[in-house]
Structure formats: C-alpha cells, structure tokens
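Contents: one structure, followed by commentary.
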Number of protein chains: 2
Amino acid sequence: MQREIYLDNSATTRQYDEVTAFVAEVAANSYGNPSSLHRKGIEAEKLVTAARETIAATLGAESREIIFTSGGTESNNLAIKGYLDANPRKGKHIITTKIEHPSVLELYKHLEKNGYDVDYLEVDISGNILLEELKSIIRNDTALISVILVNNETGTIQKLDEIAAIRDSINPQTVILLDAVQAYGKMKINPVRSGIEMVSVSSHKIHGPKGMGALYVSKKTRLKPLLFGGGQESLLRSGTENVPGIAGFGLAAKLTFNKLEDAHQKVEALKKIFCELLGESNLKYRINSPVDALPYILNIGFEDLRAEVLLHHLEQKGIYVSTGSACSSHKNTRSHVLSAMGRSPQMIDGSIRFSFSGFNTEEEIETTVEALKEIIPLIEINRKQKLRRN
Amino acid sequence: MQREIYLDNSATTRQYDEVTAFVAEVAANSYGNPSSLHRKGIEAEKLVTAARETIAATLGAESREIIFTSGGTESNNLAIKGYLDANPRKGKHIITTKIEHPSVLELYKHLEKNGYDVDYLEVDISGNILLEELKSIIRNDTALISVILVNNETGTIQKLDEIAAIRDSINPQTVILLDAVQAYGKMKINPVRSGIEMVSVSSHKIHGPKGMGALYVSKKTRLKPLLFGGGQESLLRSGTENVPGIAGFGLAAKLTFNKLEDAHQKVEALKKIFCELLGESNLKYRINSPVDALPYILNIGFEDLRAEVLLHHLEQKGIYVSTGSACSSHKNTRSHVLSAMGRSPQMIDGSIRFSFSGFNTEEEIETTVEALKEIIPLIEINRKQKLRRN
C-alpha cells in the first residue's frame, strides 16, 4: 500500500487512536440516555459533564458556558441566529469580514433578505481587517461583530484584542462572535480575558469525532435555541446527547491542549522546512499566507498552473491537499478569501492549501516538496505540448 | 458485576457491536472530508452515498429523498420549520396531536407565538386520534399535519393510511410529517405508498450511533435549511458530514431491517410473557399501552405507587426502565401522553415504561416480573409503616 501524506488537516483530521478507542468503549458500555433517571443514564450524564468541564477549561470558561452542538456550522448558526433572536432590541446591524467561512457568510446572506444590515470588512493583502474601517462602521444599532480568528484558507490571525478594544470604546453593547474552528487547539483562546461573548469550536479539526462541536457563550449573553424539543443543553440545544461523540471530543481536546505548544513548535518547524525547500527550488510561486499566519495553514499560489491539476498529480503520489477550502470546493467558485486579499484570478486558480497537523513529519514535507519539484515541470511540459498541438 | 437488564430501549439502545467496530474503522481509516477533491474525500463520500442508499431502501424511497441530520429532534425541526419557511403560501394552520414528542410540541409552542395557528387533536383511551375530529378541522390553509406514528410512551400506532386518505379527500395540498423515530426499524414504513411527504427517523433508537438521524422528504416537497453554510446534503443541511456516524447508521439500518420480522416476533413474545406473568401475580396494575400497540413499548400503571420509587428499586437489581419518556423525565411534569389518554394523575404517577429490543431475552423478562413481585409489596409495607409513624 502506498503511504499517505495527509496535508489537508484544515478540511478534517485523522482521529486520535485513543479517541477512536474511547468512543467505541463509551458506545459499547455507557450507552444510556443522560435524561434517563437510572444508573445507565447517570453514567452517561457524568461523561457529558466531564467533557464539558474539559472543553470549558481549554477556554478558561465555566462549564455552564459550553453548549455542545453537532459541529462548527451549527455553533456558528446557533450563535448568530440565537443571539439575534434573543436580543431584538440590540439592533439589526451586523459587522463581519469578507473572509469568513460559509457557515457564517451564507447565514448573513439569508439574514440580509430578512431585514438585517450586514457590513463586510475589507482585508489587506495579508488577510487582516483594517481596524480603522471597523472603528468607522460600528454603530449604536450594531448587534454583532463576527470574526474568523484564523482564516481557514490562509491561516491569517485577526487581532482579537484590538478588535475587542475598538468595540469597547465605541459600543460596548455589541457582542463579538469568534469563529475559532481553525484556531482551537492550535493557539490559546481566552474569551473572558479578550472580552469575547461567543466562540465556535469544532471537534473534527482537532482529531476528535466528526459531528461534534461546541459553542462558548458568556454567562451574561442570552440566546434562543435553533432546535426545540427535550430541552437538553440548558434548553439551548434539544436532542438526545451524542454521548460517545461528546466524550471523544473531550478526550481529543485534552490530548490536543496537553501538547499544544509542542505541536505548534513542531508544525512551525515543518512549515519553515517547507518554505526553505521550496525557496531552494526553481519553482515559481507566491506564498499567500502571511508570515505571521498560524503555521498550520500554508497557502501557496503557483504560477501558470491550475491547482486542481496539481492536486490530482499529488494525489497519485498519496499526497492529499486542497484547492481553497473543502467547504466550498464542490462549488466552482474562486476563493472569496484570496480575492478579498487582492490576488489575481490567475494566481487564485493556481493556489493550493497545505494544512498540517502534529501527525505530520519532516520526511513527509521533504517528500511533498520533492513531488512538487517533479510534478510542476511535467505539468508545464504537458501544457506546452498541448498548446503546440492546437 | 451485576447483570444488566436494559428495558429502556425507547430512550436509547445499546449500539450493535458490528456498528461500534465499523464506526471505529471508518474514523481510523476513511477520515477524509467528503467535500475534499482527493481520494480520501472521495472514499468518505462513497461511504455517505452507500449509507444514503441503505436508508432510502428501508423507506422505499430514492437516495435524493434522504437528508442526514444530527438526530430525530433535528429531523423534526427541519421538517416543520423547513417546510413552513419554504411554503409560506400554503397557510398558517397546523394540525398535530396531543401526544407528540417534545421535539414537535415545543416547536409548535414557539410557532404559535409567531403567527401560526396550531390545533392539537385529542386521543381516545388507547391513544388513537379521532379521525372524525381530524376530518372536521382540516382547512384550506392547513399547511401541515404532523403525527407521531408510534407514541414513545405507550407504543400506540396511529392509523396512517386513514389519516392520509382524509387529508387527500379534504385538502390534498396539506403535507404530512410522520415522526417515525420510535417506529423505524420496528415496523414497515413506506411513505410513497402511504402518501406521506416527510418522515423523521433516528439512528440511536435502532442500535446505531447517537447524534445521527435522517429526514425523508418527498422529491416533490421543498424545504429551506435550518443550518446555513457549505451547502452539504443538497444545500439542506450544511456542516461537515459525520461520516463514521452516517456509515454506522447505514449499517445499523441494514442489520435492523434484515431481521425486522424476527425481532418483532421475538419482542411480541416477550411482551406476551411479561403480561402473562404479571397477570398471574397478585399485583394491582393497569396496562396503559393498547393491546394493538407496537410490542416494543409496554406502559404499565401500578396502583398506589410512585413510579420513581419503583424505578430506583429496579435499578438496584440492575433493571433499567423509565417513568414516562427520557426526553421529559428531567422535568417534573406529569406525562402529557397519559393525561391525554384520560389516565388519572394517581395512575400516571405510578406508570412505568418498559421498552424492549431484540437484545432482550425471556429470562430477563422473567427476572423483571419476579423483581416487581418482590419490590412492590416491600414498597407498600414501607409506605404503610411511614404512614403509621406520622
């Protein structure tokens, strides 16, 4: 069997083996419904409580500030819709950025048709919002500012503390939602210290089970539920709890945060090697990710190349990468993120996202750059031959 | 270790061992994001497609008519909210029953505050709706009739074909949502043949993974999504697919439907033995479930007894049952189902739900009835002693 080099960790990650085993164990033994009054129910409820405490601790939050959801998309939707529905008097103005994830942007498109006024902040060539622009558009009726902490295509990190400070100085009533799906487990996030009311996180981006996420909601912030029913999750998220998923998410968070710094350093070193090896090659490219991006994501635009062609050549060698993000890859649209960062359509069409995890090795990076050095000239030759024939 | 006798299968079930193994295998090996363009993504997508075909086949439906969700609650919420949002011209009148699950009733309470007019059908002492009443209240602006096919507390089965025929004769524009969470895998459901537009099902009630459900939506019926984002599930349910959960649900459905008749016969025999043994005892009780109920649920009201006390005594012997349903057991309210069926508050307070699965054995039933015969007189003695002391 061909060895796999998985460099698409921002799309989803391989689950920790420990988590796989734990999820199976919980499903087999602690299968009760947490709402049941008997021992099997209480046993299940204890697992949920323990996982909630773990997730809360990773965010410096209280347990009651954590709501389990079915994933990052639901967390973002619950935060936005739940907050706006519960606080109609806070206004109908929303500020977000041009480089958000679809789970935020698509909902805003929907809300714009329903009486909300949404401003989309521009970003600079690094993908950073312009703080002056933010300052100028916060209004009395700005209910919500929503920002993707680490962009899923480029790894750009927004200046959270500055954003919160600007909000505080202009309209302290405005709440901030942080889409931290790509940031969680890769950098420290402390919503209380940063003055952030809501934070969305996801399990499958940190080697946890798929179909699991959480939303941090400050105890001072009121939401309405998206899903009505049995009243689980303090009435905010009805539905029988996915106990194995919740328990597995808790374990994944524990394992991830226990070695957050180590993994970060390791990945930073891998990114450095990647860039150095690429720099020593004759390839023509431009790194779209800013130098101070989260090292887990390295977006590179190759000249005169269609990224999809490169992706499939890499796949032949067992190397898995993305064009843009997985979430929008099945739609044939150009990356809205790279567009907002001022990249030319041609450069965007040649852009590949390499996204790393603590599972990756130096050898894998070397193999990948070797593969690029071999494949890209071949693609170039094929292209020229085709041109000559036409 | 004490042996467990799990008779709370309507709250949730123990996962099939085969499913536990398969979920673990998929999580470990096929961990790609179905939206990714490379082989790992395609491999994941194939698993989703296969599971969708399985679920569709169990309902006599087409694959494109199946939407995967995070569970029965989300399926019900998506069906109701999604249909009403997408079809505002069909009217603001909804017909449902007094014995629905909270995931339906709580949403209707919310909709009533938002301009919808909801009629709640009465039921007879068996829990069956009165077809004449239904006939008399369908209007031109009745958008939706929503009915729980098998009631989760008593096992009462509604007369689906009659309900659909009445709808057809009065307002064929009205769509029907079937909450089949307790029915799925235990009786045959064919929405196309029955003329039903939407059917909610859940995975963890049929020994599949928790946090998974599906909604059948007739190809002629239009919905709007509850969750906005990457556009998965034909734009109707955004969020990275829970591939291990979906694959596990597919396998659970396959295993369940392969032996649907056998399991049904087995459970019917268990219920018969339970009733016979109880009949031979000196206990004073009344069976709340009608004789023609789905045999998987047996609701029994014991005289002069608090069900919770009995539940905890049974728990001491490793026998797990419910008072009412798990979904409302943490709220201290009397069963709305038994109330609607005309049971006295005293009888409701003494009612226990025994719910079976194909995993249960004759010996477990015998042990349970023996336990009841031992425990109930003890509770009675304790109660009398306490009365005398006061």
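Residue names in the structure tokens use chain letters A, B, ... in the order shown, residue numbers from 1 in each chain, and ligand numbers from 1 in the order shown.
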
List as a Markdown table every residue of chain A that is in contact with chain B, defined as an atom at most 7 Å from one of its atoms (using only C-alpha atoms), together with the nearest atom pair and the distance in Å rounded to one decimal, sorted by chain and then rising number.
```
| residue | atom | partner | partner_atom | distance |
| --- | --- | --- | --- | --- |
| A:Ala11 | CA | B:Asn33 | CA | 6.2 |
| A:Thr12 | CA | B:Asn33 | CA | 5.8 |
| A:Thr13 | CA | B:Tyr31 | CA | 6.9 |
| A:Arg14 | CA | B:Tyr31 | CA | 5.5 |
| A:Gln15 | CA | B:Ala28 | CA | 6.2 |
| A:Thr20 | CA | B:Ala24 | CA | 5.7 |
| A:Ala24 | CA | B:Thr20 | CA | 5.7 |
| A:Ala27 | CA | B:Gln15 | CA | 6.3 |
| A:Ala28 | CA | B:Gln15 | CA | 6.2 |
| A:Tyr31 | CA | B:Arg14 | CA | 5.5 |
| A:Gly32 | CA | B:Thr12 | CA | 6.4 |
| A:Asn33 | CA | B:Thr12 | CA | 5.8 |
| A:Ser35 | CA | B:Ala326 | CA | 5.1 |
| A:Ser36 | CA | B:Ala326 | CA | 5.0 |
| A:His38 | CA | B:Glu315 | CA | 6.2 |
| A:Arg39 | CA | B:Glu315 | CA | 6.9 |
| A:Ser70 | CA | B:Ser70 | CA | 6.4 |
| A:Gly71 | CA | B:Gly239 | CA | 6.8 |
| A:Thr73 | CA | B:Gly239 | CA | 5.1 |
| A:Glu74 | CA | B:Leu227 | CA | 6.5 |
| A:Asn77 | CA | B:Leu227 | CA | 6.3 |
| A:Pro102 | CA | B:Gly229 | CA | 4.5 |
| A:Ser103 | CA | B:Gly229 | CA | 3.4 |
| A:Val104 | CA | B:Gly229 | CA | 6.6 |
| A:Glu106 | CA | B:Gly229 | CA | 5.4 |
| A:Leu107 | CA | B:Phe228 | CA | 5.2 |
| A:Lys210 | CA | B:Asn242 | CA | 4.8 |
| A:Gly211 | CA | B:Asn242 | CA | 4.6 |
| A:Leu227 | CA | B:Asn77 | CA | 6.3 |
| A:Phe228 | CA | B:Leu107 | CA | 5.2 |
| A:Gly229 | CA | B:Ser103 | CA | 3.4 |
| A:Gly230 | CA | B:Cys327 | CA | 5.0 |
| A:Ser238 | CA | B:Thr73 | CA | 6.8 |
| A:Gly239 | CA | B:Thr73 | CA | 5.1 |
| A:Glu241 | CA | B:Gly211 | CA | 6.7 |
| A:Asn242 | CA | B:Gly211 | CA | 4.6 |
| A:His312 | CA | B:His38 | CA | 6.8 |
| A:Glu315 | CA | B:His38 | CA | 6.2 |
| A:Tyr320 | CA | B:His38 | CA | 6.3 |
| A:Ser322 | CA | B:Ser36 | CA | 6.7 |
| A:Ala326 | CA | B:Ser36 | CA | 5.0 |
| A:Cys327 | CA | B:Gly230 | CA | 5.0 |
| A:Ser328 | CA | B:Gly230 | CA | 6.0 |
| A:Ser329 | CA | B:Ser35 | CA | 6.4 |
| A:His330 | CA | B:Ser35 | CA | 6.2 |
```

Write the residues you've just listed into a file as an mmCIF file, in the first residue's frame, and include C-alpha atoms for each of them.
```cif
data_model
loop_
_atom_site.group_PDB
_atom_site.id
_atom_site.type_symbol
_atom_site.label_atom_id
_atom_site.label_comp_id
_atom_site.auth_asym_id
_atom_site.auth_seq_id
_atom_site.Cartn_x
_atom_site.Cartn_y
_atom_site.Cartn_z
ATOM 1 C CA ALA A 11 -10.576 20.193 5.963
ATOM 2 C CA THR A 12 -10.642 17.498 8.617
ATOM 3 C CA THR A 13 -8.160 15.498 10.644
ATOM 4 C CA ARG A 14 -7.454 11.874 11.342
ATOM 5 C CA GLN A 15 -8.970 10.933 14.698
ATOM 6 C CA THR A 20 -11.385 6.071 18.455
ATOM 7 C CA ALA A 24 -16.088 2.719 20.906
ATOM 8 C CA ALA A 27 -20.798 3.422 22.770
ATOM 9 C CA ALA A 28 -20.483 -0.193 23.884
ATOM 10 C CA TYR A 31 -24.965 3.688 26.137
ATOM 11 C CA GLY A 32 -27.632 5.176 28.400
ATOM 12 C CA ASN A 33 -29.604 8.330 27.679
ATOM 13 C CA SER A 35 -32.047 12.053 30.574
ATOM 14 C CA SER A 36 -32.852 8.612 31.988
ATOM 15 C CA HIS A 38 -31.374 5.251 36.309
ATOM 16 C CA ARG A 39 -27.689 4.390 36.653
ATOM 17 C CA SER A 70 -23.267 18.891 16.052
ATOM 18 C CA GLY A 71 -20.293 20.873 14.727
ATOM 19 C CA THR A 73 -21.502 25.092 11.361
ATOM 20 C CA GLU A 74 -24.217 24.574 13.949
ATOM 21 C CA ASN A 77 -25.541 29.327 13.189
ATOM 22 C CA PRO A 102 -19.542 29.839 4.506
ATOM 23 C CA SER A 103 -21.323 28.810 7.737
ATOM 24 C CA VAL A 104 -21.241 32.493 8.625
ATOM 25 C CA GLU A 106 -24.347 32.080 3.909
ATOM 26 C CA LEU A 107 -26.344 32.798 7.045
ATOM 27 C CA LYS A 210 -16.918 14.263 13.419
ATOM 28 C CA GLY A 211 -20.430 15.600 14.002
ATOM 29 C CA LEU A 227 -33.665 23.300 17.810
ATOM 30 C CA PHE A 228 -36.701 22.843 20.050
ATOM 31 C CA GLY A 229 -37.512 19.699 21.968
ATOM 32 C CA GLY A 230 -36.488 17.859 25.107
ATOM 33 C CA SER A 238 -32.517 19.846 22.211
ATOM 34 C CA GLY A 239 -31.880 16.295 21.062
ATOM 35 C CA GLU A 241 -26.872 13.901 23.561
ATOM 36 C CA ASN A 242 -24.290 12.215 21.346
ATOM 37 C CA HIS A 312 -4.614 15.279 -8.684
ATOM 38 C CA GLU A 315 -2.945 12.525 -5.072
ATOM 39 C CA TYR A 320 -3.570 14.980 -0.074
ATOM 40 C CA SER A 322 -6.844 21.241 -1.025
ATOM 41 C CA ALA A 326 -13.049 21.774 1.446
ATOM 42 C CA CYS A 327 -16.270 23.514 2.348
ATOM 43 C CA SER A 328 -16.512 25.335 -0.933
ATOM 44 C CA SER A 329 -14.505 23.009 -3.167
ATOM 45 C CA HIS A 330 -17.558 21.376 -4.691
#
```

Residue list (alpha helix (DSSP H), DSSP) for range 75-274 of chain A, as a PyMOL selection string: chain A and resi 75-86+102-112+131-137+160-170+191-194+243-258+260-274

Surrounding residues of Asp304 in chain B excluding itself and chain neighbours under 4 positions, 12 Å, only C-alpha atoms, as a ChimeraX atom specification: /B:283-286,309-310,344-351,376-377,379-381,383-384

Surrounding residues of Val199 in chain A excluding itself and chain neighbours under 6 positions, 9 Å, only C-alpha atoms, as a ChimeraX atom specification: /A:75-76,79,176-181,191,214-217

Those same residues - C-alpha atoms - I'd like them written as a short mmCIF file (atom, residue, chain, number, x, y, z; two decimals), in the first residue's frame.
```
data_model
loop_
_atom_site.label_atom_id
_atom_site.label_comp_id
_atom_site.auth_asym_id
_atom_site.auth_seq_id
_atom_site.Cartn_x
_atom_site.Cartn_y
_atom_site.Cartn_z
CA SER A 75 -22.19 26.50 16.53
CA ASN A 76 -21.88 29.49 14.20
CA ALA A 79 -24.53 31.87 17.93
CA ILE A 176 -18.42 39.56 19.39
CA LEU A 177 -18.62 36.07 17.90
CA LEU A 178 -15.31 34.41 17.23
CA ASP A 179 -15.31 31.62 14.68
CA ALA A 180 -12.40 29.74 16.21
CA VAL A 181 -12.90 26.47 14.35
CA PRO A 191 -12.71 34.70 25.62
CA ALA A 214 -19.30 23.39 20.91
CA LEU A 215 -20.26 26.98 21.42
CA TYR A 216 -18.91 29.07 24.24
CA VAL A 217 -21.49 31.61 25.34
#
```

Find the residues near Thr142 in chain A: any atom within 9 Å, counting only C-alpha atoms, skip ones fewer than 3 places away on the same chain, and give them as a PDB file with C-alpha atoms, in the first residue's frame.
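Contents of result.pdb, as written:
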```
ATOM      1  CA  LYS A  90     -29.786  45.372  20.233  1.00  0.00           C
ATOM      2  CA  GLY A  91     -30.241  46.411  16.616  1.00  0.00           C
ATOM      3  CA  LYS A  92     -30.230  44.981  13.130  1.00  0.00           C
ATOM      4  CA  HIS A  93     -26.685  45.888  12.131  1.00  0.00           C
ATOM      5  CA  ILE A  94     -24.021  43.204  11.842  1.00  0.00           C
ATOM      6  CA  ILE A  95     -20.322  43.614  11.073  1.00  0.00           C
ATOM      7  CA  ILE A 137     -18.645  51.466  10.996  1.00  0.00           C
ATOM      8  CA  ILE A 138     -19.635  50.370  14.493  1.00  0.00           C
ATOM      9  CA  ARG A 139     -22.998  51.948  15.191  1.00  0.00           C
ATOM     10  CA  ILE A 145     -19.372  41.667  15.192  1.00  0.00           C
ATOM     11  CA  ASN A 171     -20.384  50.361  21.538  1.00  0.00           C
ATOM     12  CA  GLN A 173     -23.323  46.644  23.932  1.00  0.00           C
ATOM     13  CA  THR A 174     -22.174  44.968  20.725  1.00  0.00           C
ATOM     14  CA  VAL A 175     -21.240  41.333  21.206  1.00  0.00           C
TER      15      VAL A 175
END
```

Contact residues around range 277-279 of chain A with only C-alpha atoms at 10 Å, ignoring same-chain residues under 6 positions, as a PyMOL selection string: chain A and resi 271+285+365-366+368-370+372-373

Write the residues of the preceding selection, restricted to all heavy atoms, as a PDB file, in the first residue's frame.
```
ATOM      1  N   LYS A 271       6.632  23.922   8.661  1.00  0.00           N
ATOM      2  CA  LYS A 271       6.318  24.985   7.700  1.00  0.00           C
ATOM      3  C   LYS A 271       7.599  25.664   7.229  1.00  0.00           C
ATOM      4  O   LYS A 271       7.765  25.964   6.046  1.00  0.00           O
ATOM      5  CB  LYS A 271       5.376  25.997   8.351  1.00  0.00           C
ATOM      6  CG  LYS A 271       5.043  27.187   7.447  1.00  0.00           C
ATOM      7  CD  LYS A 271       4.254  28.261   8.182  1.00  0.00           C
ATOM      8  CE  LYS A 271       4.260  29.572   7.417  1.00  0.00           C
ATOM      9  NZ  LYS A 271       3.548  30.643   8.132  1.00  0.00           N
ATOM     10  N   TYR A 285       6.396  30.621  -7.537  1.00  0.00           N
ATOM     11  CA  TYR A 285       5.227  30.589  -6.663  1.00  0.00           C
ATOM     12  C   TYR A 285       5.203  31.851  -5.809  1.00  0.00           C
ATOM     13  O   TYR A 285       6.181  32.599  -5.751  1.00  0.00           O
ATOM     14  CB  TYR A 285       5.287  29.353  -5.742  1.00  0.00           C
ATOM     15  CG  TYR A 285       6.475  29.399  -4.799  1.00  0.00           C
ATOM     16  CD1 TYR A 285       6.372  29.960  -3.518  1.00  0.00           C
ATOM     17  CD2 TYR A 285       7.722  28.915  -5.212  1.00  0.00           C
ATOM     18  CE1 TYR A 285       7.457  30.030  -2.688  1.00  0.00           C
ATOM     19  CE2 TYR A 285       8.828  28.991  -4.373  1.00  0.00           C
ATOM     20  CZ  TYR A 285       8.683  29.549  -3.113  1.00  0.00           C
ATOM     21  OH  TYR A 285       9.766  29.645  -2.294  1.00  0.00           O
ATOM     22  N   ILE A 365       7.228  16.247   4.615  1.00  0.00           N
ATOM     23  CA  ILE A 365       7.364  17.567   3.993  1.00  0.00           C
ATOM     24  C   ILE A 365       8.403  17.499   2.875  1.00  0.00           C
ATOM     25  O   ILE A 365       8.185  18.024   1.765  1.00  0.00           O
ATOM     26  CB  ILE A 365       7.776  18.615   5.059  1.00  0.00           C
ATOM     27  CG1 ILE A 365       6.719  18.693   6.176  1.00  0.00           C
ATOM     28  CG2 ILE A 365       8.025  19.982   4.429  1.00  0.00           C
ATOM     29  CD1 ILE A 365       5.326  19.039   5.730  1.00  0.00           C
ATOM     30  N   GLU A 366       9.506  16.840   3.143  1.00  0.00           N
ATOM     31  CA  GLU A 366      10.546  16.695   2.119  1.00  0.00           C
ATOM     32  C   GLU A 366      10.001  15.962   0.901  1.00  0.00           C
ATOM     33  O   GLU A 366      10.222  16.384  -0.241  1.00  0.00           O
ATOM     34  CB  GLU A 366      11.747  15.933   2.704  1.00  0.00           C
ATOM     35  CG  GLU A 366      12.547  16.771   3.704  1.00  0.00           C
ATOM     36  CD  GLU A 366      13.471  15.920   4.584  1.00  0.00           C
ATOM     37  OE1 GLU A 366      13.526  14.681   4.370  1.00  0.00           O
ATOM     38  OE2 GLU A 366      14.105  16.490   5.482  1.00  0.00           O
ATOM     39  N   THR A 368       6.965  15.810  -0.058  1.00  0.00           N
ATOM     40  CA  THR A 368       5.993  16.664  -0.741  1.00  0.00           C
ATOM     41  C   THR A 368       6.696  17.687  -1.631  1.00  0.00           C
ATOM     42  O   THR A 368       6.301  17.882  -2.795  1.00  0.00           O
ATOM     43  CB  THR A 368       5.093  17.367   0.298  1.00  0.00           C
ATOM     44  OG1 THR A 368       4.433  16.376   1.082  1.00  0.00           O
ATOM     45  CG2 THR A 368       4.064  18.258  -0.368  1.00  0.00           C
ATOM     46  N   VAL A 369       7.728  18.327  -1.109  1.00  0.00           N
ATOM     47  CA  VAL A 369       8.418  19.330  -1.933  1.00  0.00           C
ATOM     48  C   VAL A 369       9.117  18.651  -3.114  1.00  0.00           C
ATOM     49  O   VAL A 369       9.093  19.162  -4.248  1.00  0.00           O
ATOM     50  CB  VAL A 369       9.414  20.167  -1.088  1.00  0.00           C
ATOM     51  CG1 VAL A 369      10.155  21.167  -1.980  1.00  0.00           C
ATOM     52  CG2 VAL A 369       8.661  20.919   0.014  1.00  0.00           C
ATOM     53  N   GLU A 370       9.682  17.478  -2.876  1.00  0.00           N
ATOM     54  CA  GLU A 370      10.275  16.717  -3.992  1.00  0.00           C
ATOM     55  C   GLU A 370       9.221  16.444  -5.070  1.00  0.00           C
ATOM     56  O   GLU A 370       9.491  16.565  -6.263  1.00  0.00           O
ATOM     57  CB  GLU A 370      10.863  15.384  -3.480  1.00  0.00           C
ATOM     58  CG  GLU A 370      12.225  15.507  -2.815  1.00  0.00           C
ATOM     59  CD  GLU A 370      13.237  16.277  -3.671  1.00  0.00           C
ATOM     60  OE1 GLU A 370      13.420  15.897  -4.851  1.00  0.00           O
ATOM     61  OE2 GLU A 370      13.808  17.270  -3.163  1.00  0.00           O
ATOM     62  N   LEU A 372       6.519  18.154  -5.670  1.00  0.00           N
ATOM     63  CA  LEU A 372       6.195  19.405  -6.371  1.00  0.00           C
ATOM     64  C   LEU A 372       7.243  19.706  -7.443  1.00  0.00           C
ATOM     65  O   LEU A 372       6.918  20.110  -8.565  1.00  0.00           O
ATOM     66  CB  LEU A 372       6.117  20.579  -5.375  1.00  0.00           C
ATOM     67  CG  LEU A 372       4.931  20.572  -4.401  1.00  0.00           C
ATOM     68  CD1 LEU A 372       5.108  21.658  -3.341  1.00  0.00           C
ATOM     69  CD2 LEU A 372       3.605  20.775  -5.151  1.00  0.00           C
ATOM     70  N   LYS A 373       8.514  19.501  -7.060  1.00  0.00           N
ATOM     71  CA  LYS A 373       9.614  19.791  -7.994  1.00  0.00           C
ATOM     72  C   LYS A 373       9.570  18.863  -9.208  1.00  0.00           C
ATOM     73  O   LYS A 373      10.015  19.219 -10.298  1.00  0.00           O
ATOM     74  CB  LYS A 373      10.963  19.647  -7.259  1.00  0.00           C
ATOM     75  CG  LYS A 373      11.266  20.866  -6.388  1.00  0.00           C
ATOM     76  CD  LYS A 373      12.253  20.595  -5.262  1.00  0.00           C
ATOM     77  CE  LYS A 373      13.631  20.219  -5.737  1.00  0.00           C
ATOM     78  NZ  LYS A 373      14.531  19.986  -4.537  1.00  0.00           N
TER      79      LYS A 373
END
```

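Backbone DSSP assigns strand (DSSP E) in range 24-93 of chain A to Ile66, Ile67, Phe68, Thr69 and His93 of chain A.
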
All residues 8 Å or closer to range 155-160 of chain A, only C-alpha atoms, same chain fewer than 4 positions away omitted, as an MDAnalysis selection string: chainID A and resid 126:129 147:151 164 194 289:290 292:298

Store the residues of this selection in a file with N, CA and C atoms, as a JSON list (two decimals), in the first residue's frame.
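Below is the file that was written, part-v8.json:
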```json
[["chain", "number", "residue", "atom", "x", "y", "z"],
["A", 126, "SER", "N", -2.54, 40.69, 3.53],
["A", 126, "SER", "CA", -2.26, 39.60, 4.47],
["A", 126, "SER", "C", -3.54, 38.92, 4.95],
["A", 127, "GLY", "N", -4.67, 39.52, 4.64],
["A", 127, "GLY", "CA", -5.93, 38.97, 5.11],
["A", 127, "GLY", "C", -6.39, 39.58, 6.43],
["A", 128, "ASN", "N", -5.70, 40.63, 6.86],
["A", 128, "ASN", "CA", -6.09, 41.29, 8.12],
["A", 128, "ASN", "C", -7.13, 42.36, 7.86],
["A", 129, "ILE", "N", -8.11, 42.43, 8.74],
["A", 129, "ILE", "CA", -9.09, 43.51, 8.59],
["A", 129, "ILE", "C", -8.41, 44.83, 8.92],
["A", 147, "VAL", "N", -16.13, 37.50, 13.58],
["A", 147, "VAL", "CA", -14.79, 37.46, 13.01],
["A", 147, "VAL", "C", -14.24, 36.04, 13.05],
["A", 148, "ILE", "N", -13.63, 35.61, 11.95],
["A", 148, "ILE", "CA", -12.96, 34.32, 11.92],
["A", 148, "ILE", "C", -11.55, 34.54, 12.48],
["A", 149, "LEU", "N", -11.25, 33.89, 13.60],
["A", 149, "LEU", "CA", -9.98, 34.16, 14.29],
["A", 149, "LEU", "C", -8.80, 33.74, 13.43],
["A", 150, "VAL", "N", -8.84, 32.51, 12.94],
["A", 150, "VAL", "CA", -7.81, 32.04, 12.00],
["A", 150, "VAL", "C", -8.52, 31.68, 10.71],
["A", 151, "ASN", "N", -8.15, 32.35, 9.63],
["A", 151, "ASN", "CA", -8.82, 32.06, 8.37],
["A", 151, "ASN", "C", -8.51, 30.64, 7.91],
["A", 164, "ALA", "N", -11.64, 43.84, 20.04],
["A", 164, "ALA", "CA", -12.47, 43.96, 21.24],
["A", 164, "ALA", "C", -12.33, 45.35, 21.85],
["A", 194, "SER", "N", -10.22, 38.21, 26.68],
["A", 194, "SER", "CA", -10.29, 39.03, 25.47],
["A", 194, "SER", "C", -11.59, 39.81, 25.35],
["A", 289, "SER", "N", -0.23, 32.88, 2.33],
["A", 289, "SER", "CA", -0.36, 33.03, 3.79],
["A", 289, "SER", "C", 0.64, 34.08, 4.27],
["A", 290, "PRO", "N", 0.21, 34.98, 5.14],
["A", 290, "PRO", "CA", 1.17, 35.97, 5.66],
["A", 290, "PRO", "C", 2.22, 35.29, 6.55],
["A", 292, "ASP", "N", 3.13, 35.88, 9.49],
["A", 292, "ASP", "CA", 2.70, 35.66, 10.88],
["A", 292, "ASP", "C", 1.41, 34.85, 10.98],
["A", 293, "ALA", "N", 1.10, 34.12, 9.91],
["A", 293, "ALA", "CA", -0.11, 33.27, 9.94],
["A", 293, "ALA", "C", 0.10, 32.13, 10.93],
["A", 294, "LEU", "N", -1.00, 31.49, 11.30],
["A", 294, "LEU", "CA", -0.90, 30.26, 12.07],
["A", 294, "LEU", "C", -0.15, 29.25, 11.20],
["A", 295, "PRO", "N", 0.91, 28.62, 11.72],
["A", 295, "PRO", "CA", 1.74, 27.79, 10.84],
["A", 295, "PRO", "C", 1.04, 26.55, 10.30],
["A", 296, "TYR", "N", -0.11, 26.22, 10.86],
["A", 296, "TYR", "CA", -0.82, 25.01, 10.43],
["A", 296, "TYR", "C", -1.36, 25.11, 9.00],
["A", 297, "ILE", "N", -1.45, 26.32, 8.49],
["A", 297, "ILE", "CA", -2.00, 26.51, 7.14],
["A", 297, "ILE", "C", -1.00, 27.27, 6.28],
["A", 298, "LEU", "N", -0.66, 26.69, 5.13],
["A", 298, "LEU", "CA", 0.28, 27.33, 4.21],
["A", 298, "LEU", "C", -0.36, 27.32, 2.83]]
```

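Straight-line separation from CA of Ala61 in chain B to CA of Asn140 in chain B: 28.5 Å.
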
For CA of Ile163 in chain B and CA of Gly301 in chain B, the interatomic separation in Å (one decimal): 29.3 Å

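Put simply, CA of Ile206 in chain B is 7.7 Å away from CA of Tyr184 in chain B.
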